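> Pasting a structure here, questions to come.
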Amino acid sequence: MPPPPPVGRFAPSPTGPMHLGNAFVALLSWLWAKQQHGYWLVRMEDLDTQRCKPEYARLLLEDLRFLGLSWEAQPLLQSQRHRLYAQAVARLQAAGHCFECHCSRKEIALAPHVDETSPSCTGRCSPGKGRPTSLRFRCRPPYPSFEDAVLGLQTPHPPPPRDFVLCREGQYSYMLAVVIDDAAQGISQVLRGADLAGATFCQIQLQRALGLSTPAYAHVPCVEDSLGRRLAKRGGALSIAALRERGMTGPQLVGLLAQLAGMGEGHPTPPEALLPYFCLAKLRGLRPQLGEGGFNTLWTHGE
């Protein structure tokens, strides 16, 4: 029998309007799945109830449609999946993969790391008034390596992955939720920014502890501004909504994003026209930066 079609996903956090770096990842993730005649899903990683807003989630979907990207199935909301996360935590506890910790974030950051088997916990974290209660996953050797479709073979360098939080004060962590949801949605390939490559070592350990399969990973270079700084919502990165208001069209923006990925000269194009030219290997060593080539038009278009 032929192998099942791949399943990719785009999983933004609705903490603000989608910016060009997010759109770059979304487009490449869509192309990777569709070039293989696969499926592409959308998931809202909205566990941070203070920063994530429904209006931002709606805007994200509008921006994806503006780019001409379509997805299969209703977008999944992590905020509605606490029961599944609790079940996974219970399994990990029963198997001895986690421990309770009362250290503050500052104490964890300053904790000495004696050797590769030593935990992040300081050992001085007895329960007390005002001390947070966390459940942490034990990272143990041998630490996994993985073959990245863009970066090549990735091996953990010293210091090795440290114990990480699964939940704190009833709040489930990104590390736990992303592993559970990728498995539940049948995700077989994950394309995301290179800034998340280091988290993959921890996520693979968690997958193995839960008996889950490991997707193929592709960590693509992050889009930078003209000064070489990674785009971020908190940094006031130019949003897709702002470009729409200026009169930019979807094909115009897709063409410029494709140019950042080494596909074409920035001419307007629909996403499906890029499928014959998409190649992950060409992204290795690429440094997508605004303020070059056709992206100069972003600052003047519509003004």
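Chains: A, B, ... in order of the structure tokens. Residues: from 1 per chain. Ligands: from 1, in order shown.
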From a backbone DSSP assignment, name each residue in region 133-266 of chain A labelled strand (DSSP E or B), as a PyMOL selection string.

chain A and resi 134-137+146-148+152-154+164-168+171-172+189-193+216-220+224+230+239

> Those residues with C-alpha atoms, as a JSON list (two decimals), in the first residue's frame please?


```json
[["chain", "number", "residue", "atom", "x", "y", "z"],
["A", 134, "SER", "CA", 5.28, 23.02, 38.96],
["A", 135, "LEU", "CA", 5.42, 19.55, 37.53],
["A", 136, "ARG", "CA", 8.65, 19.07, 35.60],
["A", 137, "PHE", "CA", 9.61, 16.39, 33.06],
["A", 146, "PHE", "CA", 17.19, 14.24, 14.72],
["A", 147, "GLU", "CA", 17.60, 14.91, 11.01],
["A", 148, "ASP", "CA", 16.21, 18.32, 10.14],
["A", 152, "GLY", "CA", 20.61, 18.73, 8.63],
["A", 153, "LEU", "CA", 21.61, 16.44, 11.50],
["A", 154, "GLN", "CA", 20.93, 18.06, 14.87],
["A", 164, "PHE", "CA", 11.19, 21.42, 31.70],
["A", 165, "VAL", "CA", 7.78, 22.41, 33.01],
["A", 166, "LEU", "CA", 4.71, 20.36, 32.03],
["A", 167, "CYS", "CA", 2.27, 22.42, 34.07],
["A", 168, "ARG", "CA", 2.40, 25.14, 36.67],
["A", 171, "GLN", "CA", -1.47, 26.05, 33.43],
["A", 172, "TYR", "CA", -0.22, 23.52, 30.87],
["A", 189, "GLN", "CA", 5.75, 17.00, 9.44],
["A", 190, "VAL", "CA", 6.44, 20.20, 11.34],
["A", 191, "LEU", "CA", 7.84, 23.31, 9.70],
["A", 192, "ARG", "CA", 8.55, 26.20, 12.03],
["A", 193, "GLY", "CA", 11.15, 28.89, 12.77],
["A", 216, "ALA", "CA", 9.68, 15.06, 10.41],
["A", 217, "TYR", "CA", 11.03, 18.49, 11.29],
["A", 218, "ALA", "CA", 12.09, 21.45, 9.16],
["A", 219, "HIS", "CA", 13.31, 24.57, 10.94],
["A", 220, "VAL", "CA", 13.46, 27.48, 8.54],
["A", 224, "GLU", "CA", 14.79, 39.63, 10.07],
["A", 230, "ARG", "CA", 14.25, 38.73, 14.23],
["A", 239, "SER", "CA", 1.48, 43.16, 10.46]]
```

> Could you list, as a list in words, every residue within 10 Å of Arg51 (chain A), counting only C-alpha atoms and ignoring same-chain residues fewer than 6 positions away?

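The residues satisfying every condition are Ser13, Pro14, Thr15 and Gly16 of chain A.
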
> Please provide the set of residues having any atom within 9 Å of Gln205 (chain A), restricted to only C-alpha atoms, with same-chain residues fewer than 3 positions apart removed, written as a list in words.

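Contacts, with the query itself left out: Cys139, Arg140, Tyr143, Pro144, Thr200, Phe201, Cys202, Arg208, Ala209 and Leu210 of chain A.
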
> Determine, using only C-alpha atoms, which residues of region 48-88 of chain A have any atom at most 8 Å from an atom of region 264-282 of chain A, and tabulate each with its shortest atom pair and distance in Å to one decimal place, rows ordered by chain and then rising number, as a tab-separated table.


```
residue	atom	partner	partner_atom	distance
A:Leu67	CA	A:Pro271	CA	7.6
A:Gly68	CA	A:Pro271	CA	6.5
A:Leu69	CA	A:Pro271	CA	7.2
```

> Compare A:Ala177, A:Pro4, A:Arg162, A:Phe99 by their minimum atom-to-atom distance to Glu45 (chain A), counting only C-alpha atoms, and give me the closest one.

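Smallest separation from Glu45 (chain A) among the options: A:Ala177.
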
> Skipping near chain neighbours, those fewer than 3 positions away, what residues fall within 6 Å of region 184-187 of chain A using only C-alpha atoms, listed as a list in words?

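In the requested format, the answer is Val7, Gly8 and Asp181 of chain A.
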
> Expressed in Å to a single decimal, how great is the separation between CA of Trp30 (chain A) and CA of Leu196 (chain A)?

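Here the two named atoms are 18.3 Å from each other.
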
> Which one of A:Met18, A:Leu257, A:Ala90, A:Leu41 sits closest to Tyr56 (chain A) if you count only C-alpha atoms?

A:Met18

> Return the single residue from A:Leu290, A:Leu206, A:Leu28, A:Ala261 that is closest to Asp163 (chain A), with distances computed using only C-alpha atoms.

A:Leu206

> Please determine, counting only C-alpha atoms, which residue among A:Ala183, A:Pro5, A:Pro54, A:Lys106 has the shortest atom-to-atom distance to Leu84 (chain A).

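Checking each of A:Ala183, A:Pro5, A:Pro54, A:Lys106 against Leu84 (chain A), counting only C-alpha atoms, the winner is A:Ala183.
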
> Could you go through region 94-262 of chain A and tell me which residues DSSP, when run on the backbone, assigns to helix (DSSP H, G or I), listing them as a ChimeraX atom specification?

/A:94,105-110,174-184,194-196,199-210,240-246,250-260

> Closest to Pro17 (chain A) among A:Cys101, A:Leu151, A:Ala73, A:Leu238, using only C-alpha atoms?

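For Pro17 (chain A), the nearest of the given residues is A:Leu238.
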
> Measure the distance from CA of Pro288 (chain A) to CA of Cys222 (chain A) in Å and round it to one decimal.

7.0 Å

> Show me, as a tab-separated table (two decimals) with C-alpha atoms, in the first residue's frame, the residues that have an atom within 8 Å of Thr214 (chain A) when counting only C-alpha atoms, minus same-chain residues fewer than 6 positions from it.


```tsv
chain	number	residue	atom	x	y	z
A	188	SER	CA	3.66	13.93	10.29
A	204	ILE	CA	11.23	14.09	21.18
A	207	GLN	CA	7.08	11.83	22.58
```

> Just how far from CA of Gln36 (chain A) is CA of Leu61 (chain A), in Å to one decimal?

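For CA of Leu61 (chain A) relative to CA of Gln36 (chain A), the distance reads 23.2 Å.
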
> Neighbours of Gly198 (chain A) within 9 Å (only C-alpha atoms; same-chain residues fewer than 4 positions away dropped), as number ranges by chain?

A: 156, 161, 194, 202
